[in-house]
Amino acid sequence: MRKADRHLLVATLLTFLPVLASATPGDPGASRNTLERLRGLLDPDPAPAARHHLATVTPSSAELIFRLRDHSELSVELSEGVVRIGHEPVGHYSPGGELEDAWWDLVSSTVSLPTEDAVLMVREWAPRGLQGEDAKAASRIRERTRQVKAAPPSPAPQAIPPAPEGGLVIDLSDLGDQARLEPLLARAVRESGPGLRLTVPGGQARLGDFSVGSGESLVGHLLVLEGTADVYGRLDGNLLAVDGDIVIHPGAFVSGDVLAVGGHVHDEGGEVTGEIRTLGSLGPDAAVPVVEAAPALSPVTHTLRNIAGLAGVFLTLLGIGFGLVLFGRPQLEILSDTVSHSFGRAFVVGVLAQVLALPTFGMLVVGLILTVVGVLLVPFAVIAFVLLAIVAILAGFLSVAHAMGETYTRRRLAAGILGSPNSYQYVVTGLVGIAAVWSGWAVFGWVPVAGYVMLGAAGLVTWLLATAGLGAALLSRLGARENFAGRILPAEALTDEYLWATPQFGVPAGRRPGAPRTPER
Amino acid sequence: MRWIALLTPVGLAAAISSPAAGQALQTYSATRQFHGEARLVADVEFGAGTLRIGPGPAGSLYRMQASYDRNRYDAVSRWDGARGAVTLGLRSRGEGGIRVRADKELAQSADIRFSPQADLDLTLELGAAQSIIELGGLRLAQLSLETGASQTEVRFSQPNAVKCTQAAFSAGAAALTVRGLGNSRCEEIRFDGGVGSVMLDFSGAWPANARFEASIAVGGLTLRVPKKVGVRLELDQFVASFQPVGFVRQGRIFLSENYATAERHLDVKVSTSFGGLAVEWIE
């Protein structure tokens with residue numbers, strides 16, 4: 001096998017593996033669904049299937065109608081020189097010509113045939129020797145009739161035996177309860193076949209076509225699977241047909257509800273005292289009747305999942321932090337200095353901001369609404385408020401990380417350990433520190449009580465830091481106001497006396513014995 | 001070429017693993033034959049989509065045809081035989097979240113028809129819906145309409161066959177239009193509005209006098225009244241705007257110029273804080 005072929009084989013296997021594996025082990029229905037999807041893709045003839053056909057021939061017209069499984073129909077009619085498909089004129093033919101003869105023969109032949117044979121005959125119909133309009137019309141007819149294929153025949157009519165204890169039970173006393181019925185019916189359809197066992201409390205279940213005769217009276221609910229239910233007589237109970245029609249003939253009486261799933265209810269003049277319902281189809285999600293609870297994760301899986309989540313959040317914040325350093329380092333440093341120098345004040349402001357955020361937002365919106373022009377600004381104000389809040393929280397939190405990293409790095413430098421004193425390093429160090437707080441939960445989060453305690457502790461610490469960061473962002477106006485950080489000294493304070501007596505950042509200064517205190521700003 | 005060969009199974013697998021059938025709209029219909037019922041109590045709950053309501057054929061008491069997002073909604077048709085009451089509509093399964101999809105896939109719709117032979121007590125609760133509700137030709141005995149963020153048009157194109165005791169409209173952030181209220185034969189009409197835009201058109205046959213009470217928070221209310229009808233307007237306002245065109249003011253009461261001579265009268269009482277009220281005169 002060539003190398004490229006091996007690659008192709010591996011890629012194919014890897015691609016299909018999840019699809020095939022998506023079928024739950026031990027669930028034949030899921031496997032069958034997957035295989036049906038594959039089969040559907042490979043099916044060269046995805047034409048709609050015909051359930052019934054109707055042929056009508058008169059001296060002046062010949063019409064063939066196919067009723068399709070998707071509840072649509074295809075009609076082809078040749079009448080008085082006009083060809084109609086779906087009741088729309090699509091062409092002309094010569095009365096008494098070759099096409100008329102061929103079509104009349106075809107329609108007449110299908111009258112006595114079962115639908116599957118009629119479909120085959122129509123699909124193979126290819127009159128020869130046609131010319132002009134006749135040839136064009138025949139071509140259009142063939143083009144449309146080839147889009148029809150025969151539906152598999154209904155199963156032979158038979159009673160479905162009751163299920164043993166613990167088997168499938170479908171209670172038909174309330175046909176309005178779709179949520180309960182759909183999964184059960186889906187299971188019945190999935191298991192449909194000679195081996196199907198099904199109990200209908202207070203009634204009976206049938207497979208294939210079934211009819212209640214005109215002199216007949218049936219007591220109890222009736223379920224008909226994969227067949228047409230014809231009611232000529234009396235039914236005292238509810239009637240449900242799945243993948244089939246229900247026909248209420250003149251003189252029929254049903255003293256209950258009627259529901260056709262995947263079919264139609266034809267009310268031809270009978271009486272139904274209950275509700276008449278149709279449901280398009282059983283949902284694909286209904287194929288799984290019971291959703292089992294997810295199995296408990298093992299401690300290793302739990303830990304790996306937590307670590308992966310923590311790493312994801314860490315990397316995301318790291319990316320945003322690097323972007324912030326790259327594009328807004330001065331503002332980030334001001335925020336960071338605000339946190340360092342006014343942590344308590346920043347925290348209090350952060351708490352107040354969280355308390356007042358919603359009332360402020362409400363007042364902003366109401367205030368804008370009350371002014372005539374302001375109403376137009378409401379959408380923009382809402383978006384701006386939300387964006388500002390997100391930016392303030394994120395920038396504040398990263399500035400806390402920056403401050404933590406800066407403090408740690410400077411202490412290491414002061415201790416003589418070489419490092420890289422730049423903002424990137426500060427952000428990384430700070431985020432690693434915060435991640436360390438969460439690492440305990442990531443590793444031991446699966447432990448029954450301790451896990452929750454660690455989660456709570458890490459959450460509390462993170463909230464404290466984020467609150468201080470938010471407060472710093474507000475105090476420093478997102479880094480635009482420097483004096484809260486103590487970065488700008490007033491001009492009058494820039495005296496030798498001040499500089500001598502005031503400790504500068506990172507440079508401890510001694511106090512002159514007996515000197516007065518530094519004047520406050 | 002090798003890449004095409006590698007990508008082909010990927011596309012194939014994607015096609016298999018995302019079956020379109022799971023996203024299709026479910027179709028549902030429910031109908032009940034008319035068996036001489038004198039009265040029908042109908043509750044319509046409609047979460048989202050396009051809704052049409054109107055008179056149906058004589059042979060059925062009610063009929064609903066709906067197509068809906070089966071993953072998020074359930075079709076409802078519940079009959080209470082003891083009360084002669086039915087609940088119809090599309091009810092959300094209550095699963096939150098935001099779904100990003102093409103509009104076509106979310107195009108839920110329902111068409112509901114009621115018998116023109118039974119007296120109808122109709123209650124409508126509409127969510128994010130676009131609705132056209134034709135009540136002309138029905139035997140409407142009582143109406144209650146509650147609508148959220150919707151666009152709703154209610155029509156009385158033909159005179160109501162019976163007297164209606166009350167029509168109550170409640171609209172949140174909705175655009176509500178009611179046409180032909182003069183055909184409704186409702187003795188009392190109430191409106192409770194939030195921040196939406198509402199237009200009530202009182203054109204019609206006017207077989208009897210009517211009372212109208214409205215409470216508006218912030219939205220705008222426009223009343224379109226035929227010139228032949230005498231109007232008495234009592235306005236309780238805070239910061240509301242109102243131009244009394246065609247009215248004569250008597251204290252807090254506004255009387256239309258033809259009030260004394262008009263054959264039919266509409267007594268209007270409006271309470272509003274910040275809403276706007278406008279009265280337009282029509283032929």
# chains A, B, ... in the order shown; residues from 1 in each chain; ligands from 1
call {"tool": "select_by_dssp", "arguments": {"residues": "stretch 13-151 of chain B", "states": "helix (DSSP H, G or I)", "output": "PyMOL selection string"}}
result
chain B and resi 13-17+20-23+103-106
call {"tool": "residues_around", "arguments": {"residues": "stretch 449-466 of chain A", "least_positions_apart": "3", "cutoff": "7 Å", "atoms": "only C-alpha atoms", "output": "VMD selection string"}}
result
chain A and resid 393 396 to 397 400 437 to 438 440 to 441 444 to 446 469 to 470
call {"tool": "write_last_selection", "arguments": {"atoms": "C-alpha atoms", "output": "compact mmCIF listing (two decimals), in the first residue's frame"}}
result
# COMPACT_ATOMS: atom_id res chain seq x y z
CA ILE A 393 -13.82 43.73 34.92
CA GLY A 396 -9.16 45.22 36.46
CA PHE A 397 -8.63 41.52 37.00
CA VAL A 400 -4.43 42.67 39.82
CA VAL A 437 -5.33 29.01 43.94
CA TRP A 438 -7.57 27.00 41.62
CA GLY A 440 -6.22 22.62 44.53
CA TRP A 441 -9.79 22.41 43.29
CA PHE A 444 -9.04 17.44 44.47
CA GLY A 445 -12.36 18.73 43.21
CA TRP A 446 -13.74 15.19 43.02
CA GLY A 469 -9.50 45.19 40.09
CA LEU A 470 -12.93 46.55 39.17
call {"tool": "residues_around", "arguments": {"residues": "B:Ala174", "least_positions_apart": "5", "cutoff": "8 Å", "atoms": "only C-alpha atoms", "output": "PyMOL selection string"}}
result
chain B and resi 147-152+195-198
call {"tool": "residues_around", "arguments": {"residues": "stretch 84-89 of chain B", "least_positions_apart": "4", "cutoff": "9 Å", "atoms": "only C-alpha atoms", "output": "number ranges by chain"}}
result
B: 30, 37, 39-47, 62, 64, 66, 74-80, 110, 112
call {"tool": "atom_distance", "arguments": {"atom1": "atom CA of B:Glu125", "atom2": "atom CA of B:Ser144"}}
result
8.4 Å
call {"tool": "residues_around", "arguments": {"residues": "B:Met199", "least_positions_apart": "6", "cutoff": "8 Å", "atoms": "only C-alpha atoms", "output": "list in words"}}
result
Leu176, Thr177, Val178, Leu221, Thr222, Leu223 and Arg224 of chain B
call {"tool": "residues_around", "arguments": {"residues": "stretch 336-345 of chain A", "least_positions_apart": "5", "cutoff": "9 Å", "atoms": "only C-alpha atoms", "output": "number ranges by chain"}}
result
A: 331, 350, 396, 398-404, 406-407, 468-469, 471-473, 475-476, 479, 482-487
call {"tool": "write_last_selection", "arguments": {"atoms": "N, CA and C atoms", "output": "PDB file, in the first residue's frame"}}
result
ATOM      1  N   GLN A 331      -1.845  52.265  30.506  1.00  0.00           N
ATOM      2  CA  GLN A 331      -3.094  52.182  31.270  1.00  0.00           C
ATOM      3  C   GLN A 331      -3.065  50.992  32.234  1.00  0.00           C
ATOM      4  N   GLY A 350     -15.078  48.627  44.339  1.00  0.00           N
ATOM      5  CA  GLY A 350     -15.505  47.479  43.532  1.00  0.00           C
ATOM      6  C   GLY A 350     -16.792  46.872  44.054  1.00  0.00           C
ATOM      7  N   GLY A 396      -9.411  45.159  35.026  1.00  0.00           N
ATOM      8  CA  GLY A 396      -9.164  45.221  36.461  1.00  0.00           C
ATOM      9  C   GLY A 396      -8.553  43.924  36.971  1.00  0.00           C
ATOM     10  N   LEU A 398      -6.904  41.661  35.281  1.00  0.00           N
ATOM     11  CA  LEU A 398      -5.548  41.481  34.771  1.00  0.00           C
ATOM     12  C   LEU A 398      -4.570  42.446  35.444  1.00  0.00           C
ATOM     13  N   SER A 399      -5.081  43.618  35.823  1.00  0.00           N
ATOM     14  CA  SER A 399      -4.189  44.556  36.526  1.00  0.00           C
ATOM     15  C   SER A 399      -3.819  44.025  37.905  1.00  0.00           C
ATOM     16  N   VAL A 400      -4.752  43.303  38.529  1.00  0.00           N
ATOM     17  CA  VAL A 400      -4.433  42.665  39.817  1.00  0.00           C
ATOM     18  C   VAL A 400      -3.346  41.612  39.612  1.00  0.00           C
ATOM     19  N   ALA A 401      -3.524  40.834  38.534  1.00  0.00           N
ATOM     20  CA  ALA A 401      -2.487  39.838  38.226  1.00  0.00           C
ATOM     21  C   ALA A 401      -1.153  40.520  37.969  1.00  0.00           C
ATOM     22  N   HIS A 402      -1.202  41.629  37.253  1.00  0.00           N
ATOM     23  CA  HIS A 402       0.015  42.394  36.964  1.00  0.00           C
ATOM     24  C   HIS A 402       0.653  42.869  38.263  1.00  0.00           C
ATOM     25  N   ALA A 403      -0.150  43.418  39.166  1.00  0.00           N
ATOM     26  CA  ALA A 403       0.370  43.927  40.440  1.00  0.00           C
ATOM     27  C   ALA A 403       0.987  42.801  41.267  1.00  0.00           C
ATOM     28  N   MET A 404       0.298  41.648  41.278  1.00  0.00           N
ATOM     29  CA  MET A 404       0.838  40.504  42.017  1.00  0.00           C
ATOM     30  C   MET A 404       2.185  40.081  41.435  1.00  0.00           C
ATOM     31  N   GLU A 406       4.238  41.856  39.653  1.00  0.00           N
ATOM     32  CA  GLU A 406       5.263  42.889  39.836  1.00  0.00           C
ATOM     33  C   GLU A 406       5.842  42.804  41.248  1.00  0.00           C
ATOM     34  N   THR A 407       4.968  42.675  42.217  1.00  0.00           N
ATOM     35  CA  THR A 407       5.420  42.587  43.604  1.00  0.00           C
ATOM     36  C   THR A 407       6.335  41.381  43.794  1.00  0.00           C
ATOM     37  N   ALA A 468     -11.418  44.067  43.630  1.00  0.00           N
ATOM     38  CA  ALA A 468     -10.396  45.108  43.776  1.00  0.00           C
ATOM     39  C   ALA A 468      -9.993  45.644  42.411  1.00  0.00           C
ATOM     40  N   GLY A 469      -9.862  44.761  41.444  1.00  0.00           N
ATOM     41  CA  GLY A 469      -9.505  45.190  40.093  1.00  0.00           C
ATOM     42  C   GLY A 469     -10.565  46.096  39.493  1.00  0.00           C
ATOM     43  N   GLY A 471     -12.694  47.927  41.144  1.00  0.00           N
ATOM     44  CA  GLY A 471     -12.623  49.213  41.850  1.00  0.00           C
ATOM     45  C   GLY A 471     -11.473  50.060  41.339  1.00  0.00           C
ATOM     46  N   ALA A 472     -10.325  49.426  41.110  1.00  0.00           N
ATOM     47  CA  ALA A 472      -9.166  50.166  40.593  1.00  0.00           C
ATOM     48  C   ALA A 472      -9.462  50.730  39.206  1.00  0.00           C
ATOM     49  N   ALA A 473     -10.156  49.940  38.410  1.00  0.00           N
ATOM     50  CA  ALA A 473     -10.496  50.414  37.061  1.00  0.00           C
ATOM     51  C   ALA A 473     -11.386  51.645  37.135  1.00  0.00           C
ATOM     52  N   LEU A 475     -11.645  53.744  39.837  1.00  0.00           N
ATOM     53  CA  LEU A 475     -10.919  54.852  40.475  1.00  0.00           C
ATOM     54  C   LEU A 475      -9.966  55.532  39.492  1.00  0.00           C
ATOM     55  N   SER A 476      -9.329  54.724  38.680  1.00  0.00           N
ATOM     56  CA  SER A 476      -8.347  55.301  37.755  1.00  0.00           C
ATOM     57  C   SER A 476      -8.949  55.589  36.390  1.00  0.00           C
ATOM     58  N   GLY A 479      -7.429  53.625  33.799  1.00  0.00           N
ATOM     59  CA  GLY A 479      -6.034  53.953  33.543  1.00  0.00           C
ATOM     60  C   GLY A 479      -5.817  55.340  32.992  1.00  0.00           C
ATOM     61  N   GLU A 482      -4.149  59.225  36.593  1.00  0.00           N
ATOM     62  CA  GLU A 482      -2.943  58.630  37.167  1.00  0.00           C
ATOM     63  C   GLU A 482      -2.765  58.901  38.656  1.00  0.00           C
ATOM     64  N   ASN A 483      -3.403  59.972  39.184  1.00  0.00           N
ATOM     65  CA  ASN A 483      -3.034  60.374  40.539  1.00  0.00           C
ATOM     66  C   ASN A 483      -3.446  59.367  41.603  1.00  0.00           C
ATOM     67  N   PHE A 484      -4.440  58.496  41.297  1.00  0.00           N
ATOM     68  CA  PHE A 484      -4.780  57.492  42.295  1.00  0.00           C
ATOM     69  C   PHE A 484      -3.662  56.482  42.476  1.00  0.00           C
ATOM     70  N   ALA A 485      -2.843  56.362  41.434  1.00  0.00           N
ATOM     71  CA  ALA A 485      -1.748  55.403  41.519  1.00  0.00           C
ATOM     72  C   ALA A 485      -0.530  55.987  42.202  1.00  0.00           C
ATOM     73  N   GLY A 486      -0.616  57.288  42.496  1.00  0.00           N
ATOM     74  CA  GLY A 486       0.533  57.916  43.112  1.00  0.00           C
ATOM     75  C   GLY A 486       1.697  58.046  42.160  1.00  0.00           C
ATOM     76  N   ARG A 487       1.410  58.048  40.876  1.00  0.00           N
ATOM     77  CA  ARG A 487       2.491  58.123  39.889  1.00  0.00           C
ATOM     78  C   ARG A 487       2.898  59.564  39.595  1.00  0.00           C
TER      79      ARG A 487
END
call {"tool": "select_by_dssp", "arguments": {"residues": "stretch 154-355 of chain A", "states": "strand (DSSP E or B)", "output": "PyMOL selection string"}}
result
chain A and resi 158-159+169+199+203-207+210-212+217-219+221-225+229-231+234-236+239-242+246-248+253-254+258-261+265-267+271-272+275-279
call {"tool": "closest_residue", "arguments": {"among": "A:Gly129, A:Ala151, A:Val443, A:Gly280", "to": "A:Ile307", "atoms": "only C-alpha atoms"}}
result
A:Val443
call {"tool": "residues_around", "arguments": {"residues": "B:Gly137", "least_positions_apart": "5", "cutoff": "12 Å", "atoms": "only C-alpha atoms", "output": "count of residues only"}}
result
24
call {"tool": "closest_residue", "arguments": {"among": "B:Ala260, B:Leu277, B:Val218, B:Val270", "to": "A:Thr371", "atoms": "only C-alpha atoms"}}
result
B:Val218
call {"tool": "closest_residue", "arguments": {"among": "B:Leu233, B:Leu255, B:Val154, B:Leu124", "to": "B:Glu213", "atoms": "only C-alpha atoms"}}
result
B:Leu233
call {"tool": "decode", "arguments": {"residues": "stretch 149-231 of chain A", "atoms": "C-alpha atoms", "output": "PDB file, in the first residue's frame"}}
result
ATOM      1  CA  LYS A 149     -40.508   4.893  -6.713  1.00  0.00           C
ATOM      2  CA  ALA A 150     -42.699   2.268  -5.125  1.00  0.00           C
ATOM      3  CA  ALA A 151     -43.105   2.185  -1.374  1.00  0.00           C
ATOM      4  CA  PRO A 152     -42.465  -1.130   0.291  1.00  0.00           C
ATOM      5  CA  PRO A 153     -45.782  -2.912   0.690  1.00  0.00           C
ATOM      6  CA  SER A 154     -47.594  -2.732   4.015  1.00  0.00           C
ATOM      7  CA  PRO A 155     -47.000  -5.724   6.229  1.00  0.00           C
ATOM      8  CA  ALA A 156     -49.566  -8.471   6.143  1.00  0.00           C
ATOM      9  CA  PRO A 157     -52.499  -7.556   8.427  1.00  0.00           C
ATOM     10  CA  GLN A 158     -52.131  -9.278  11.755  1.00  0.00           C
ATOM     11  CA  ALA A 159     -52.792  -8.787  15.445  1.00  0.00           C
ATOM     12  CA  ILE A 160     -49.852  -7.821  17.614  1.00  0.00           C
ATOM     13  CA  PRO A 161     -49.684 -10.139  20.616  1.00  0.00           C
ATOM     14  CA  PRO A 162     -49.592  -8.615  24.089  1.00  0.00           C
ATOM     15  CA  ALA A 163     -46.158  -8.023  25.536  1.00  0.00           C
ATOM     16  CA  PRO A 164     -44.932 -10.093  28.463  1.00  0.00           C
ATOM     17  CA  GLU A 165     -44.612  -8.418  31.840  1.00  0.00           C
ATOM     18  CA  GLY A 166     -42.103  -5.583  31.651  1.00  0.00           C
ATOM     19  CA  GLY A 167     -42.527  -5.317  27.880  1.00  0.00           C
ATOM     20  CA  LEU A 168     -43.766  -2.454  25.754  1.00  0.00           C
ATOM     21  CA  VAL A 169     -47.038  -0.947  26.961  1.00  0.00           C
ATOM     22  CA  ILE A 170     -48.711   1.935  25.149  1.00  0.00           C
ATOM     23  CA  ASP A 171     -51.641   3.490  26.941  1.00  0.00           C
ATOM     24  CA  LEU A 172     -53.934   5.192  24.437  1.00  0.00           C
ATOM     25  CA  SER A 173     -56.285   6.761  26.962  1.00  0.00           C
ATOM     26  CA  ASP A 174     -54.772  10.224  26.349  1.00  0.00           C
ATOM     27  CA  LEU A 175     -53.740  10.856  22.771  1.00  0.00           C
ATOM     28  CA  GLY A 176     -52.973  14.498  23.537  1.00  0.00           C
ATOM     29  CA  ASP A 177     -49.925  13.605  25.589  1.00  0.00           C
ATOM     30  CA  GLN A 178     -47.350  13.681  22.803  1.00  0.00           C
ATOM     31  CA  ALA A 179     -44.359  13.812  25.099  1.00  0.00           C
ATOM     32  CA  ARG A 180     -45.332  10.446  26.604  1.00  0.00           C
ATOM     33  CA  LEU A 181     -46.562   8.797  23.434  1.00  0.00           C
ATOM     34  CA  GLU A 182     -43.837   9.695  20.945  1.00  0.00           C
ATOM     35  CA  PRO A 183     -40.963   7.718  22.522  1.00  0.00           C
ATOM     36  CA  LEU A 184     -43.184   4.681  23.003  1.00  0.00           C
ATOM     37  CA  LEU A 185     -44.433   4.790  19.436  1.00  0.00           C
ATOM     38  CA  ALA A 186     -40.912   5.281  18.139  1.00  0.00           C
ATOM     39  CA  ARG A 187     -39.879   2.147  20.002  1.00  0.00           C
ATOM     40  CA  ALA A 188     -42.830   0.230  18.586  1.00  0.00           C
ATOM     41  CA  VAL A 189     -41.906   1.283  15.046  1.00  0.00           C
ATOM     42  CA  ARG A 190     -38.266   0.426  15.650  1.00  0.00           C
ATOM     43  CA  GLU A 191     -39.157  -3.053  16.877  1.00  0.00           C
ATOM     44  CA  SER A 192     -41.886  -3.524  14.297  1.00  0.00           C
ATOM     45  CA  GLY A 193     -41.910  -6.960  12.690  1.00  0.00           C
ATOM     46  CA  PRO A 194     -43.099 -10.485  13.335  1.00  0.00           C
ATOM     47  CA  GLY A 195     -41.507 -10.507  16.779  1.00  0.00           C
ATOM     48  CA  LEU A 196     -43.177  -7.353  18.038  1.00  0.00           C
ATOM     49  CA  ARG A 197     -45.047  -7.717  21.318  1.00  0.00           C
ATOM     50  CA  LEU A 198     -47.108  -4.787  22.476  1.00  0.00           C
ATOM     51  CA  THR A 199     -49.824  -4.236  25.047  1.00  0.00           C
ATOM     52  CA  VAL A 200     -52.515  -1.616  24.673  1.00  0.00           C
ATOM     53  CA  PRO A 201     -54.367  -1.419  28.004  1.00  0.00           C
ATOM     54  CA  GLY A 202     -58.076  -1.680  27.375  1.00  0.00           C
ATOM     55  CA  GLY A 203     -57.617  -2.189  23.663  1.00  0.00           C
ATOM     56  CA  GLN A 204     -55.722  -3.935  20.915  1.00  0.00           C
ATOM     57  CA  ALA A 205     -52.822  -3.380  18.537  1.00  0.00           C
ATOM     58  CA  ARG A 206     -52.691  -4.323  14.863  1.00  0.00           C
ATOM     59  CA  LEU A 207     -49.934  -4.458  12.286  1.00  0.00           C
ATOM     60  CA  GLY A 208     -50.840  -3.571   8.678  1.00  0.00           C
ATOM     61  CA  ASP A 209     -54.170  -2.447   7.252  1.00  0.00           C
ATOM     62  CA  PHE A 210     -57.190  -2.852   9.480  1.00  0.00           C
ATOM     63  CA  SER A 211     -60.858  -2.029   9.115  1.00  0.00           C
ATOM     64  CA  VAL A 212     -63.897  -1.912  11.351  1.00  0.00           C
ATOM     65  CA  GLY A 213     -66.768  -3.199   9.235  1.00  0.00           C
ATOM     66  CA  SER A 214     -70.049  -1.367   8.800  1.00  0.00           C
ATOM     67  CA  GLY A 215     -71.971  -3.808  10.967  1.00  0.00           C
ATOM     68  CA  GLU A 216     -69.143  -4.161  13.426  1.00  0.00           C
ATOM     69  CA  SER A 217     -68.779  -2.591  16.857  1.00  0.00           C
ATOM     70  CA  LEU A 218     -65.382  -2.527  18.499  1.00  0.00           C
ATOM     71  CA  VAL A 219     -64.956  -1.649  22.164  1.00  0.00           C
ATOM     72  CA  GLY A 220     -61.579  -0.405  23.384  1.00  0.00           C
ATOM     73  CA  HIS A 221     -58.679   1.587  22.059  1.00  0.00           C
ATOM     74  CA  LEU A 222     -57.157   0.639  18.736  1.00  0.00           C
ATOM     75  CA  LEU A 223     -53.556   1.027  17.602  1.00  0.00           C
ATOM     76  CA  VAL A 224     -52.701   0.367  13.958  1.00  0.00           C
ATOM     77  CA  LEU A 225     -49.028   0.236  12.971  1.00  0.00           C
ATOM     78  CA  GLU A 226     -47.866   0.616   9.366  1.00  0.00           C
ATOM     79  CA  GLY A 227     -51.284   0.377   7.804  1.00  0.00           C
ATOM     80  CA  THR A 228     -54.480   2.193   6.986  1.00  0.00           C
ATOM     81  CA  ALA A 229     -57.304   2.137   9.513  1.00  0.00           C
ATOM     82  CA  ASP A 230     -60.686   2.181   7.782  1.00  0.00           C
ATOM     83  CA  VAL A 231     -63.658   2.731  10.062  1.00  0.00           C
TER      84      VAL A 231
END
